[in-house]
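**Q** Contents of data_27.csv (CSV, C-alpha atoms and all ligand atoms) are given next:
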```csv
chain,number,residue,atom,x,y,z
O,1,MET,CA,112.6,335.0,-93.0
O,2,LYS,CA,116.4,335.1,-93.7
O,3,GLN,CA,118.7,332.7,-95.5
O,4,PHE,CA,121.8,331.3,-93.7
O,5,ARG,CA,124.5,329.3,-95.4
O,6,THR,CA,125.0,326.5,-93.0
O,7,ASP,CA,127.6,323.7,-92.8
O,8,LEU,CA,127.3,321.6,-89.7
O,9,HIS,CA,129.9,318.9,-90.4
O,10,ILE,CA,133.4,320.2,-90.2
O,11,HIS,CA,136.6,318.6,-88.8
O,12,THR,CA,139.6,320.3,-87.2
O,13,VAL,CA,143.2,319.3,-86.5
O,14,LEU,CA,141.8,317.2,-83.6
O,15,SER,CA,140.4,314.6,-86.0
O,16,PRO,CA,143.1,312.1,-87.0
O,17,CYS,CA,142.2,312.5,-90.7
O,18,GLY,CA,141.8,316.3,-90.3
O,19,ASP,CA,144.5,318.3,-92.2
O,20,LEU,CA,146.9,320.4,-90.1
O,21,GLU,CA,145.5,323.5,-91.8
O,22,MET,CA,142.2,323.0,-90.1
O,23,SER,CA,143.1,325.0,-87.1
O,24,PRO,CA,140.3,326.9,-85.3
O,25,SER,CA,141.6,330.3,-86.5
O,26,ASN,CA,141.9,329.1,-90.0
O,27,ILE,CA,138.5,327.5,-90.1
O,28,VAL,CA,136.8,330.7,-88.8
O,29,SER,CA,138.5,333.0,-91.3
O,30,LEU,CA,138.0,330.7,-94.2
O,31,ALA,CA,134.3,330.1,-93.3
O,32,ARG,CA,133.8,333.9,-93.2
O,33,ASN,CA,135.7,334.6,-96.4
O,34,ARG,CA,133.8,331.9,-98.3
O,35,GLY,CA,130.4,333.2,-97.2
O,36,LEU,CA,129.2,330.7,-94.6
O,37,ASP,CA,127.0,332.0,-91.8
O,38,ILE,CA,126.7,329.0,-89.5
O,39,ILE,CA,129.2,326.2,-89.0
O,40,GLY,CA,129.2,323.1,-86.8
O,41,ILE,CA,132.4,321.6,-85.4
O,42,THR,CA,132.2,317.8,-85.5
O,43,ASP,CA,135.5,316.0,-84.8
O,44,HIS,CA,135.5,312.2,-84.5
O,45,ASN,CA,134.4,311.2,-81.0
O,46,SER,CA,135.7,314.3,-79.3
O,47,THR,CA,134.4,317.8,-78.6
O,48,LYS,CA,137.7,319.3,-77.3
O,49,GLN,CA,138.2,321.9,-80.0
O,50,CYS,CA,134.7,323.3,-80.1
O,51,GLU,CA,134.9,326.0,-77.5
O,52,LEU,CA,137.8,327.8,-79.1
O,53,VAL,CA,136.2,327.8,-82.6
O,54,TRP,CA,133.0,329.1,-80.9
O,55,LYS,CA,134.9,331.9,-79.2
O,56,LEU,CA,136.8,332.9,-82.4
O,57,GLY,CA,133.5,332.8,-84.3
O,58,ARG,CA,131.7,335.0,-81.9
O,59,SER,CA,134.2,337.8,-82.2
O,60,SER,CA,134.0,337.7,-86.0
O,61,GLY,CA,130.3,337.3,-86.5
O,62,LEU,CA,130.2,333.6,-87.4
O,63,THR,CA,127.8,331.4,-85.6
O,64,VAL,CA,129.5,328.2,-84.4
O,65,ILE,CA,127.5,325.2,-83.1
O,66,PRO,CA,129.6,322.8,-81.0
O,67,GLY,CA,129.2,319.2,-81.7
O,68,CYS,CA,130.8,315.8,-82.5
O,69,GLU,CA,130.8,313.1,-85.1
O,70,MET,CA,130.2,309.8,-83.2
O,71,THR,CA,131.0,306.3,-84.3
O,72,SER,CA,128.4,303.9,-83.0
O,73,ARG,CA,129.1,300.2,-82.1
O,74,GLU,CA,127.7,299.3,-85.5
O,75,GLU,CA,130.3,301.8,-87.0
O,76,VAL,CA,127.7,304.2,-88.2
O,77,HIS,CA,128.9,307.9,-88.2
O,78,CYS,CA,126.4,310.3,-86.8
O,79,LEU,CA,126.4,314.0,-85.8
O,80,GLY,CA,125.4,315.4,-82.4
O,81,LEU,CA,125.1,319.2,-82.0
O,82,PHE,CA,124.6,321.0,-78.8
O,83,GLU,CA,123.1,324.3,-77.6
O,84,ASP,CA,125.6,325.1,-74.8
O,85,PHE,CA,128.8,324.0,-73.2
O,86,ASP,CA,127.1,322.3,-70.2
O,87,ALA,CA,125.5,319.9,-72.5
O,88,LEU,CA,128.7,319.6,-74.5
O,89,ARG,CA,130.7,318.7,-71.3
O,90,MET,CA,128.2,316.1,-70.3
O,91,PHE,CA,128.4,314.6,-73.8
O,92,GLN,CA,132.2,314.6,-73.6
O,93,SER,CA,132.1,312.5,-70.5
O,94,PHE,CA,129.7,310.1,-72.2
O,95,LEU,CA,132.3,309.9,-75.0
O,96,ASP,CA,135.1,309.3,-72.5
O,97,ARG,CA,133.1,306.5,-70.9
O,98,HIS,CA,132.3,304.7,-74.1
O,99,LEU,CA,135.3,305.2,-76.5
O,100,THR,CA,137.1,301.9,-77.3
O,101,LEU,CA,140.6,302.5,-76.1
O,102,ILE,CA,143.2,302.0,-78.9
O,103,PRO,CA,146.4,304.0,-78.7
O,104,ASN,CA,146.7,306.3,-81.7
O,105,LYS,CA,149.5,305.8,-84.2
O,106,PRO,CA,150.0,309.3,-85.6
O,107,LEU,CA,152.1,308.2,-88.6
O,108,LEU,CA,149.4,305.7,-89.6
O,109,PHE,CA,146.1,307.5,-88.6
O,110,GLY,CA,147.2,311.1,-88.3
O,111,TYR,CA,147.8,313.6,-85.5
O,112,GLN,CA,145.0,314.4,-83.0
O,113,LEU,CA,145.8,317.9,-81.7
O,114,VAL,CA,144.1,320.4,-79.5
O,115,VAL,CA,145.6,323.8,-80.3
O,116,ASP,CA,145.1,327.3,-79.1
O,117,GLU,CA,144.2,330.3,-81.3
O,118,ASP,CA,147.9,330.8,-82.3
O,119,GLU,CA,148.2,327.2,-83.3
O,120,ASN,CA,150.3,326.2,-80.3
O,121,ILE,CA,149.7,322.5,-79.4
O,122,LEU,CA,147.9,322.2,-76.1
O,123,GLU,CA,147.3,318.5,-76.1
O,124,GLU,CA,147.9,315.5,-78.3
O,125,VAL,CA,145.0,313.1,-77.7
O,126,VAL,CA,146.5,309.6,-77.1
O,127,ASN,CA,143.6,307.3,-77.8
O,128,TYR,CA,142.6,306.8,-81.4
O,129,LEU,CA,139.5,308.9,-82.1
O,130,GLY,CA,138.5,306.9,-85.2
O,131,ALA,CA,137.7,304.0,-82.9
O,132,SER,CA,134.0,303.2,-82.2
O,133,LEU,CA,132.0,303.8,-79.1
O,134,ASP,CA,130.8,300.7,-77.3
O,135,VAL,CA,127.1,301.7,-77.5
O,136,SER,CA,124.4,301.3,-80.2
O,137,ILE,CA,123.3,304.1,-82.5
O,138,GLU,CA,120.0,304.2,-80.6
O,139,GLU,CA,121.8,304.7,-77.2
O,140,ILE,CA,123.8,307.6,-78.7
O,141,GLU,CA,120.7,309.2,-80.2
O,142,GLN,CA,118.9,309.0,-76.8
O,143,LYS,CA,121.9,310.6,-75.1
O,144,VAL,CA,122.0,313.4,-77.6
O,145,HIS,CA,118.3,314.0,-77.2
O,146,GLU,CA,118.5,313.7,-73.4
O,147,LEU,CA,120.9,316.7,-73.6
O,148,SER,CA,118.5,318.6,-75.9
O,149,GLY,CA,120.9,318.2,-78.8
O,150,ILE,CA,120.3,317.6,-82.5
O,151,PHE,CA,121.0,314.2,-83.9
O,152,ILE,CA,121.8,313.7,-87.6
O,153,PRO,CA,123.2,310.4,-89.1
O,154,ALA,CA,126.1,311.5,-91.3
O,155,HIS,CA,126.7,310.9,-95.1
O,156,ILE,CA,124.0,308.2,-95.2
O,157,ASP,CA,124.6,307.4,-98.8
O,158,ARG,CA,128.3,306.4,-98.4
O,159,PRO,CA,129.2,302.7,-98.9
O,160,ARG,CA,130.9,302.6,-95.5
O,161,ASN,CA,130.3,304.0,-92.0
O,162,SER,CA,126.8,305.0,-93.0
O,163,LEU,CA,123.4,304.2,-91.5
O,164,PHE,CA,122.5,302.2,-94.6
O,165,SER,CA,125.8,300.5,-95.2
O,166,GLN,CA,126.1,299.3,-91.6
O,167,LEU,CA,122.4,298.6,-90.8
O,168,GLY,CA,120.9,297.9,-94.2
O,169,PHE,CA,117.7,299.9,-93.6
O,170,PHE,CA,116.4,302.6,-91.3
O,171,PRO,CA,116.2,301.2,-87.7
O,172,PRO,CA,112.6,301.4,-86.6
O,173,GLU,CA,113.3,302.9,-83.2
O,174,LEU,CA,115.8,305.6,-84.2
O,175,LYS,CA,114.7,309.3,-83.9
O,176,VAL,CA,116.6,311.6,-86.2
O,177,ASP,CA,116.4,315.4,-86.6
O,178,SER,CA,117.4,315.0,-90.3
O,179,LEU,CA,119.8,313.0,-92.4
O,180,GLN,CA,123.0,314.3,-94.0
O,181,ILE,CA,123.8,313.3,-97.6
O,182,SER,CA,127.2,313.5,-99.4
O,183,LYS,CA,128.2,316.5,-101.5
O,184,ASN,CA,127.7,315.0,-104.9
O,185,SER,CA,124.6,313.0,-104.3
O,186,ASP,CA,121.1,313.7,-105.6
O,187,GLU,CA,118.4,314.2,-103.0
O,188,VAL,CA,115.6,312.7,-105.1
O,189,ALA,CA,117.6,309.6,-106.0
O,190,ILE,CA,118.6,309.0,-102.4
O,191,ARG,CA,115.1,309.3,-101.1
O,192,LYS,CA,114.0,306.7,-103.6
O,193,LYS,CA,116.9,304.3,-103.1
O,194,PHE,CA,116.6,304.2,-99.3
O,195,MET,CA,112.8,304.8,-99.1
O,196,ILE,CA,113.1,307.9,-96.9
O,197,SER,CA,109.9,309.5,-96.0
O,198,ASP,CA,109.2,313.1,-97.0
O,199,ALA,CA,108.7,313.9,-93.3
O,200,ILE,CA,112.5,313.7,-92.9
O,201,THR,CA,114.6,316.6,-94.1
O,202,LEU,CA,117.8,315.9,-96.0
O,203,VAL,CA,120.8,318.3,-95.7
O,204,LYS,CA,124.1,318.6,-97.4
O,205,PHE,CA,127.2,319.5,-95.4
O,206,SER,CA,130.9,319.5,-96.4
O,207,ASP,CA,132.4,316.9,-94.0
O,208,ALA,CA,135.5,319.1,-94.7
O,209,HIS,CA,138.8,317.6,-93.5
O,210,PHE,CA,140.9,319.9,-95.7
O,211,SER,CA,140.7,323.7,-96.0
O,212,ALA,CA,140.0,323.5,-99.8
O,213,ASP,CA,136.7,321.7,-99.0
O,214,LEU,CA,135.4,324.4,-96.7
O,215,GLY,CA,132.6,326.6,-98.1
O,216,LYS,CA,132.0,324.4,-101.1
O,217,THR,CA,129.1,322.4,-99.7
O,218,TYR,CA,126.4,323.7,-97.5
O,219,SER,CA,122.6,323.9,-97.0
O,220,ILE,CA,120.6,327.1,-96.9
O,221,PHE,CA,118.6,327.4,-93.7
O,222,GLU,CA,115.6,329.7,-94.1
O,223,MET,CA,114.7,331.0,-90.6
O,224,GLU,CA,114.5,334.1,-88.4
O,225,GLU,CA,117.9,334.1,-86.8
O,226,ALA,CA,121.1,332.1,-86.4
O,227,THR,CA,120.2,330.3,-83.1
O,228,PHE,CA,120.1,326.7,-82.1
O,229,ASP,CA,116.3,326.7,-81.7
O,230,GLU,CA,115.8,328.1,-85.1
O,231,ILE,CA,118.2,325.5,-86.6
O,232,ARG,CA,116.2,322.7,-85.0
O,233,LYS,CA,112.9,324.3,-86.3
O,234,ALA,CA,114.4,324.5,-89.8
O,235,LEU,CA,115.5,320.9,-89.7
O,236,HIS,CA,111.9,319.9,-88.8
O,237,GLY,CA,110.3,322.3,-91.2
O,238,ALA,CA,108.5,323.9,-88.3
O,239,ASP,CA,106.7,327.3,-88.3
O,240,GLY,CA,107.6,328.0,-91.9
O,241,ARG,CA,111.3,327.5,-91.5
O,242,LYS,CA,113.1,325.1,-93.9
O,243,CYS,CA,116.4,323.7,-95.2
O,244,LEU,CA,117.2,323.9,-98.9
O,245,ILE,CA,120.0,322.1,-100.7
O,246,PRO,CA,121.5,324.5,-103.4
O,247,THR,CA,121.3,323.1,-106.9
O,248,PRO,CA,124.6,323.2,-108.9
O,249,SER,CA,123.3,326.3,-110.9
O,250,SER,CA,122.5,328.3,-107.7
O,251,LEU,CA,125.9,327.7,-106.1
N,1,MET,CA,122.9,269.6,-91.7
N,2,LYS,CA,120.4,271.1,-89.3
N,3,VAL,CA,120.9,274.0,-86.9
N,4,PHE,CA,120.7,271.8,-83.8
N,5,GLU,CA,123.4,269.5,-85.2
N,6,LEU,CA,125.7,272.4,-85.7
N,7,VAL,CA,125.0,273.6,-82.2
N,8,GLU,CA,125.9,270.2,-80.8
N,9,GLU,CA,128.9,269.7,-82.9
N,10,LEU,CA,130.5,273.1,-82.2
N,11,GLY,CA,129.2,273.6,-78.7
N,12,LEU,CA,127.3,276.8,-79.6
N,13,LYS,CA,125.2,278.8,-77.2
N,14,VAL,CA,121.5,279.2,-78.1
N,15,PHE,CA,120.3,282.7,-77.0
N,16,SER,CA,116.8,282.6,-78.6
N,17,GLY,CA,114.7,281.3,-81.5
N,18,HIS,CA,114.7,277.7,-80.2
N,19,LYS,CA,111.7,276.8,-82.4
N,20,GLY,CA,114.0,277.3,-85.4
N,21,LEU,CA,116.6,274.7,-84.4
N,22,ASP,CA,115.5,272.2,-86.9
N,23,ARG,CA,116.0,274.5,-89.8
N,24,GLU,CA,118.2,273.0,-92.6
N,25,ILE,CA,121.5,274.8,-93.3
N,26,SER,CA,122.6,275.4,-96.9
N,27,GLY,CA,126.0,277.0,-96.1
N,28,GLY,CA,127.4,280.1,-94.4
N,29,TYR,CA,128.0,283.8,-94.9
N,30,VAL,CA,130.4,286.1,-92.9
N,31,SER,CA,129.8,289.8,-92.9
N,32,ASP,CA,129.3,292.8,-90.6
N,33,LEU,CA,127.8,295.1,-93.2
N,34,LEU,CA,124.1,294.6,-93.1
N,35,SER,CA,123.7,296.1,-96.5
N,36,ASP,CA,126.1,293.5,-97.9
N,37,VAL,CA,124.2,290.6,-96.2
N,38,MET,CA,120.9,292.0,-97.6
N,39,GLY,CA,122.4,291.9,-101.1
N,40,ASN,CA,124.5,288.8,-101.0
N,41,ALA,CA,123.5,286.2,-98.4
N,42,GLN,CA,121.6,283.2,-99.6
N,43,GLU,CA,118.5,281.5,-98.2
N,44,ALA,CA,119.1,279.0,-95.3
N,45,GLN,CA,122.7,280.1,-94.7
N,46,VAL,CA,124.1,280.7,-91.2
N,47,TRP,CA,125.2,284.3,-90.9
N,48,ILE,CA,128.4,284.8,-88.8
N,49,THR,CA,128.7,288.4,-87.5
N,50,LEU,CA,129.6,290.6,-84.6
N,51,GLN,CA,126.7,293.0,-85.1
N,52,VAL,CA,124.1,292.7,-82.4
N,53,HIS,CA,121.6,295.4,-83.6
N,54,GLN,CA,117.9,294.7,-83.9
N,55,ASN,CA,118.2,295.1,-87.7
N,56,VAL,CA,120.2,291.8,-87.8
N,57,MET,CA,117.0,289.8,-87.2
N,58,ALA,CA,115.0,291.8,-89.8
N,59,ILE,CA,117.6,291.0,-92.4
N,60,ALA,CA,117.9,287.3,-91.3
N,61,SER,CA,114.1,287.0,-91.7
N,62,LEU,CA,114.1,288.9,-95.1
N,63,LYS,CA,116.7,286.5,-96.4
N,64,ASP,CA,115.2,283.5,-94.7
N,65,LEU,CA,118.5,282.5,-93.1
N,66,ALA,CA,118.9,279.4,-90.9
N,67,ALA,CA,120.5,281.1,-88.0
N,68,VAL,CA,122.7,284.0,-86.8
N,69,ILE,CA,126.0,283.2,-85.0
N,70,LEU,CA,127.4,286.0,-82.8
N,71,VAL,CA,131.2,285.7,-82.4
N,72,SER,CA,133.7,286.6,-79.6
N,73,ASN,CA,131.2,286.2,-76.7
N,74,LEU,CA,129.0,289.0,-78.0
N,75,GLU,CA,125.4,288.9,-76.8
N,76,PRO,CA,122.3,290.0,-78.7
N,77,GLN,CA,120.3,293.1,-77.6
N,78,GLU,CA,117.0,292.3,-75.8
N,79,ASN,CA,114.8,293.4,-78.8
N,80,THR,CA,117.0,291.3,-81.1
N,81,LYS,CA,116.2,288.2,-79.0
N,82,GLN,CA,112.5,289.0,-79.1
N,83,ASN,CA,112.5,289.3,-82.9
N,84,SER,CA,114.4,286.0,-83.1
N,85,ASP,CA,111.7,284.2,-81.0
N,86,GLU,CA,109.0,285.7,-83.2
N,87,GLU,CA,110.7,284.8,-86.5
N,88,ASN,CA,111.9,281.4,-85.2
N,89,ILE,CA,115.4,282.1,-86.4
N,90,PRO,CA,117.9,281.1,-83.7
N,91,ILE,CA,120.6,283.4,-82.5
N,92,LEU,CA,123.7,281.3,-81.5
N,93,GLY,CA,126.8,282.4,-79.8
N,94,THR,CA,130.5,281.3,-79.6
N,95,SER,CA,133.6,282.5,-77.8
N,96,LEU,CA,135.6,282.1,-81.0
N,97,PRO,CA,136.3,284.9,-83.4
N,98,ALA,CA,134.7,284.9,-86.9
N,99,PHE,CA,137.8,283.4,-88.6
N,100,GLU,CA,137.9,280.3,-86.4
N,101,ILE,CA,134.2,279.6,-86.2
N,102,ALA,CA,133.8,280.1,-90.0
N,103,GLY,CA,136.7,277.6,-90.4
N,104,LYS,CA,135.0,275.0,-88.3
N,105,ILE,CA,131.7,275.4,-90.0
N,106,TYR,CA,133.4,275.1,-93.4
N,107,GLN,CA,135.1,271.9,-92.3
N,108,ALA,CA,131.8,270.5,-91.0
N,109,PHE,CA,130.2,271.1,-94.3
N,110,ASN,CA,133.0,269.7,-96.5
N,111,ARG,CA,133.5,266.4,-94.8
Z,301,ZN,ZN,132.1,310.4,-91.2
Z,302,ZN,ZN,133.0,313.7,-90.8
```
Would you mind writing the file out in structure tokens?
Ligand SMILES: [Zn+2]
Ligand SMILES: [Zn+2]
**A**
Amino acid sequence: MKQFRTDLHIHTVLSPCGDLEMSPSNIVSLARNRGLDIIGITDHNSTKQCELVWKLGRSSGLTVIPGCEMTSREEVHCLGLFEDFDALRMFQSFLDRHLTLIPNKPLLFGYQLVVDEDENILEEVVNYLGASLDVSIEEIEQKVHELSGIFIPAHIDRPRNSLFSQLGFFPPELKVDSLQISKNSDEVAIRKKFMISDAITLVKFSDAHFSADLGKTYSIFEMEEATFDEIRKALHGADGRKCLIPTPSSL
Amino acid sequence: MKVFELVEELGLKVFSGHKGLDREISGGYVSDLLSDVMGNAQEAQVWITLQVHQNVMAIASLKDLAAVILVSNLEPQENTKQNSDEENIPILGTSLPAFEIAGKIYQAFNR
């Protein structure tokens, strides 16, 4: 079994709150330089920057998992990760059907840019990507799983836009592949506070919007190789695979 | 004031939980954060919200609220209605946004 430093929650320049330094080329080279093995690209309610990061990652030995950070009708943030670009395209059309249409105000919310590898602007997305989808968290989860994706509620311990802030407690019908906690939080305390069963794996990812945050927060995935299937197994603790949250001393 | 009196006075729609219409109302609480309602709503209040998730009813029952009022023509999810019938806590609806319905209920209480 090998260990992979994994951070599956990273924003690019496409997210309104994502710093302009978070271009695909920059993310890939910083992730490599700072020792990450696997990254996930999860912009708010859009997947349009994933393919380029994946391409750049492939040519520099970095595994890139395409994905998205969705905002449910209840305003819960949750991550969806996908195995291939067919699934990703189908998920993008789901996003297009369900995003609440509010024109973006770049000076207020930030720019939403799709760029190429030389950081030329290819598109400026006009609808505000921080708006919510008009579907429940359960409907989003079902869509992700229908497309054989991985579903992870994001930063569950945050006082806003989290599973517990918005919904009070774990919804009985929701099926998660794991739960993501924030960078400074304590796993044991969070399990106790929210009464999370030991059957559910907790992971830490960076939720990086700025290049300075990239590489500082990750989980260690212990598995055979850096593939989507292995990642899913590790999240579920299957066949001896597992996810570990580094303690401050081991970082 | 009882729930059915509020329904009549403000012309609210009753989606479900009809058996709870004679609950006594102690006041109201407006919030869309379910964690906040769990912590701060008081027994027998009516809860004004735009959340329609199933967890709404579980929290209404936990806090023993008098009724839930959905604003802006929102409709409860099917399983939310079922829970409301089981718990006998009515889900009511209005076309008004939260600010206006809260104002009307506040007035009704302070006459
Ligand atoms: Zn988020
Ligand atoms: Zn995020």
**Q** To check your reading of the model: which residues sit at most 7 Å from ligand ZN 302 (chain Z) when counting all atoms listed in the file? Write the answer as a ChimeraX atom specification.
**A** /O:9-11,42-44,69,207
**Q** Do you know which residues are at most 12 Å from segment 225-232 of chain O counting only C-alpha atoms, after dropping those on the same chain fewer than 6 positions away, and could you put them as a short mmCIF file (atom, residue, chain, number, x, y, z; two decimals) with C-alpha atoms, in the frame of the given file?
**A**
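Contents of selection-v8.cif, as written:
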```
data_model
loop_
_atom_site.label_atom_id
_atom_site.label_comp_id
_atom_site.auth_asym_id
_atom_site.auth_seq_id
_atom_site.Cartn_x
_atom_site.Cartn_y
_atom_site.Cartn_z
CA MET O 1 112.60 335.00 -93.00
CA LYS O 2 116.40 335.10 -93.70
CA GLN O 3 118.70 332.70 -95.50
CA PHE O 4 121.80 331.30 -93.70
CA ARG O 5 124.50 329.30 -95.40
CA THR O 6 125.00 326.50 -93.00
CA ASP O 7 127.60 323.70 -92.80
CA LEU O 8 127.30 321.60 -89.70
CA LEU O 36 129.20 330.70 -94.60
CA ASP O 37 127.00 332.00 -91.80
CA ILE O 38 126.70 329.00 -89.50
CA ILE O 39 129.20 326.20 -89.00
CA GLY O 40 129.20 323.10 -86.80
CA ARG O 58 131.70 335.00 -81.90
CA GLY O 61 130.30 337.30 -86.50
CA LEU O 62 130.20 333.60 -87.40
CA THR O 63 127.80 331.40 -85.60
CA VAL O 64 129.50 328.20 -84.40
CA ILE O 65 127.50 325.20 -83.10
CA PRO O 66 129.60 322.80 -81.00
CA GLY O 67 129.20 319.20 -81.70
CA LEU O 81 125.10 319.20 -82.00
CA PHE O 82 124.60 321.00 -78.80
CA GLU O 83 123.10 324.30 -77.60
CA ASP O 84 125.60 325.10 -74.80
CA HIS O 145 118.30 314.00 -77.20
CA SER O 148 118.50 318.60 -75.90
CA GLY O 149 120.90 318.20 -78.80
CA ILE O 150 120.30 317.60 -82.50
CA PHE O 151 121.00 314.20 -83.90
CA ILE O 152 121.80 313.70 -87.60
CA VAL O 176 116.60 311.60 -86.20
CA ASP O 177 116.40 315.40 -86.60
CA SER O 178 117.40 315.00 -90.30
CA THR O 201 114.60 316.60 -94.10
CA VAL O 203 120.80 318.30 -95.70
CA SER O 219 122.60 323.90 -97.00
CA ALA O 238 108.50 323.90 -88.30
CA ASP O 239 106.70 327.30 -88.30
CA GLY O 240 107.60 328.00 -91.90
CA ARG O 241 111.30 327.50 -91.50
CA LYS O 242 113.10 325.10 -93.90
CA CYS O 243 116.40 323.70 -95.20
#
```
**Q** Sorted by chain and rising residue number, list the residues of chain O at most 12 Å from ligand ZN 301 (chain Z) (counting all atoms listed in the file), each with its closest atom pair and distance in Å to one decimal, as CSV.
**A**
```
residue,atom,partner,partner_atom,distance
O:His9,CA,Z:ZN301,ZN,8.8
O:Ile10,CA,Z:ZN301,ZN,9.9
O:His11,CA,Z:ZN301,ZN,9.7
O:Ser15,CA,Z:ZN301,ZN,10.7
O:Pro16,CA,Z:ZN301,ZN,11.9
O:Cys17,CA,Z:ZN301,ZN,10.3
O:Gly18,CA,Z:ZN301,ZN,11.4
O:Thr42,CA,Z:ZN301,ZN,9.3
O:Asp43,CA,Z:ZN301,ZN,9.2
O:His44,CA,Z:ZN301,ZN,7.7
O:Asn45,CA,Z:ZN301,ZN,10.5
O:Cys68,CA,Z:ZN301,ZN,10.3
O:Glu69,CA,Z:ZN301,ZN,6.8
O:Met70,CA,Z:ZN301,ZN,8.2
O:Thr71,CA,Z:ZN301,ZN,8.1
O:Ser72,CA,Z:ZN301,ZN,11.1
O:Glu75,CA,Z:ZN301,ZN,9.7
O:Val76,CA,Z:ZN301,ZN,8.2
O:His77,CA,Z:ZN301,ZN,5.0
O:Cys78,CA,Z:ZN301,ZN,7.2
O:Leu79,CA,Z:ZN301,ZN,8.6
O:Leu129,CA,Z:ZN301,ZN,11.8
O:Gly130,CA,Z:ZN301,ZN,9.4
O:Ala131,CA,Z:ZN301,ZN,11.9
O:Ser132,CA,Z:ZN301,ZN,11.7
O:Ile152,CA,Z:ZN301,ZN,11.4
O:Pro153,CA,Z:ZN301,ZN,9.1
O:Ala154,CA,Z:ZN301,ZN,6.1
O:His155,CA,Z:ZN301,ZN,6.7
O:Ile156,CA,Z:ZN301,ZN,9.3
O:Asp157,CA,Z:ZN301,ZN,11.1
O:Arg158,CA,Z:ZN301,ZN,9.1
O:Pro159,CA,Z:ZN301,ZN,11.3
O:Arg160,CA,Z:ZN301,ZN,9.0
O:Asn161,CA,Z:ZN301,ZN,6.7
O:Ser162,CA,Z:ZN301,ZN,7.8
O:Leu163,CA,Z:ZN301,ZN,10.7
O:Gln180,CA,Z:ZN301,ZN,10.3
O:Ile181,CA,Z:ZN301,ZN,10.9
O:Ser182,CA,Z:ZN301,ZN,10.0
O:Phe205,CA,Z:ZN301,ZN,11.2
O:Ser206,CA,Z:ZN301,ZN,10.5
O:Asp207,CA,Z:ZN301,ZN,7.1
O:Ala208,CA,Z:ZN301,ZN,10.0
O:His209,CA,Z:ZN301,ZN,10.1
```
**Q** When distances are computed from only C-alpha atoms, which of O:Asn33, O:Ser23, O:Ser185, O:Ser165 shows the smallest separation from chain N?
**A**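 That would be O:Ser165, the residue with the smallest distance to chain N.
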**Q** Measuring atom to atom with all atoms listed in the file, identify which of N:Asp22, N:Val14, N:Ile48, N:Gln77 is nearest to chain O.
**A**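 Looking only at the distances to chain O, the closest residue turns out to be N:Gln77.
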**Q** Using only C-alpha atoms, find the residues of chain N whose closest atom to chain O is at most 6 Å away, then write them as a PyMOL selection string.
**A** chain N and resi 33-35
**Q** Just the number, please: distance in Å from atom CA of Glu24 of chain N to atom CA of Lys2 of chain N, one decimal.
**A** 4.4 Å
**Q** Could you pull out every residue with an atom within 9 Å of (134.7, 328.1, -97.7), file coordinates, counting all atoms listed in the file, and send them as a list in words?
**A**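 Residues close enough to count: Ile27, Ser29, Leu30, Ala31, Arg32, Asn33, Arg34, Gly35, Leu36, Ser211, Ala212, Asp213, Leu214, Gly215, Lys216 and Thr217 of chain O.
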**Q** Reconstruct N, CA and C atoms of segment 31-41 of chain N; output as a compact mmCIF listing (two decimals), keeping the file's coordinate frame.
**A**
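Wrote it out as selection_31.txt, contents follow:
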```txt
# COMPACT_ATOMS: atom_id res chain seq x y z
N SER N 31 129.78 288.42 -92.61
CA SER N 31 129.80 289.80 -92.90
C SER N 31 129.28 290.65 -91.76
N ASP N 32 129.81 291.85 -91.59
CA ASP N 32 129.30 292.80 -90.60
C ASP N 32 128.62 293.97 -91.16
N LEU N 33 128.56 294.02 -92.48
CA LEU N 33 127.80 295.10 -93.20
C LEU N 33 126.46 294.57 -93.49
N LEU N 34 125.44 295.12 -92.87
CA LEU N 34 124.10 294.60 -93.10
C LEU N 34 123.60 294.79 -94.48
N SER N 35 124.06 295.88 -95.11
CA SER N 35 123.70 296.10 -96.50
C SER N 35 124.24 295.03 -97.41
N ASP N 36 125.43 294.55 -97.10
CA ASP N 36 126.10 293.50 -97.90
C ASP N 36 125.29 292.17 -97.68
N VAL N 37 124.90 291.88 -96.45
CA VAL N 37 124.20 290.60 -96.20
C VAL N 37 122.81 290.68 -96.91
N MET N 38 122.18 291.86 -96.89
CA MET N 38 120.90 292.00 -97.60
C MET N 38 121.06 291.70 -99.06
N GLY N 39 122.19 292.10 -99.64
CA GLY N 39 122.40 291.90 -101.10
C GLY N 39 122.91 290.51 -101.42
N ASN N 40 123.72 289.92 -100.56
CA ASN N 40 124.50 288.80 -101.00
C ASN N 40 124.31 287.45 -100.24
N ALA N 41 123.71 287.46 -99.06
CA ALA N 41 123.50 286.20 -98.40
C ALA N 41 122.45 285.37 -99.08
```
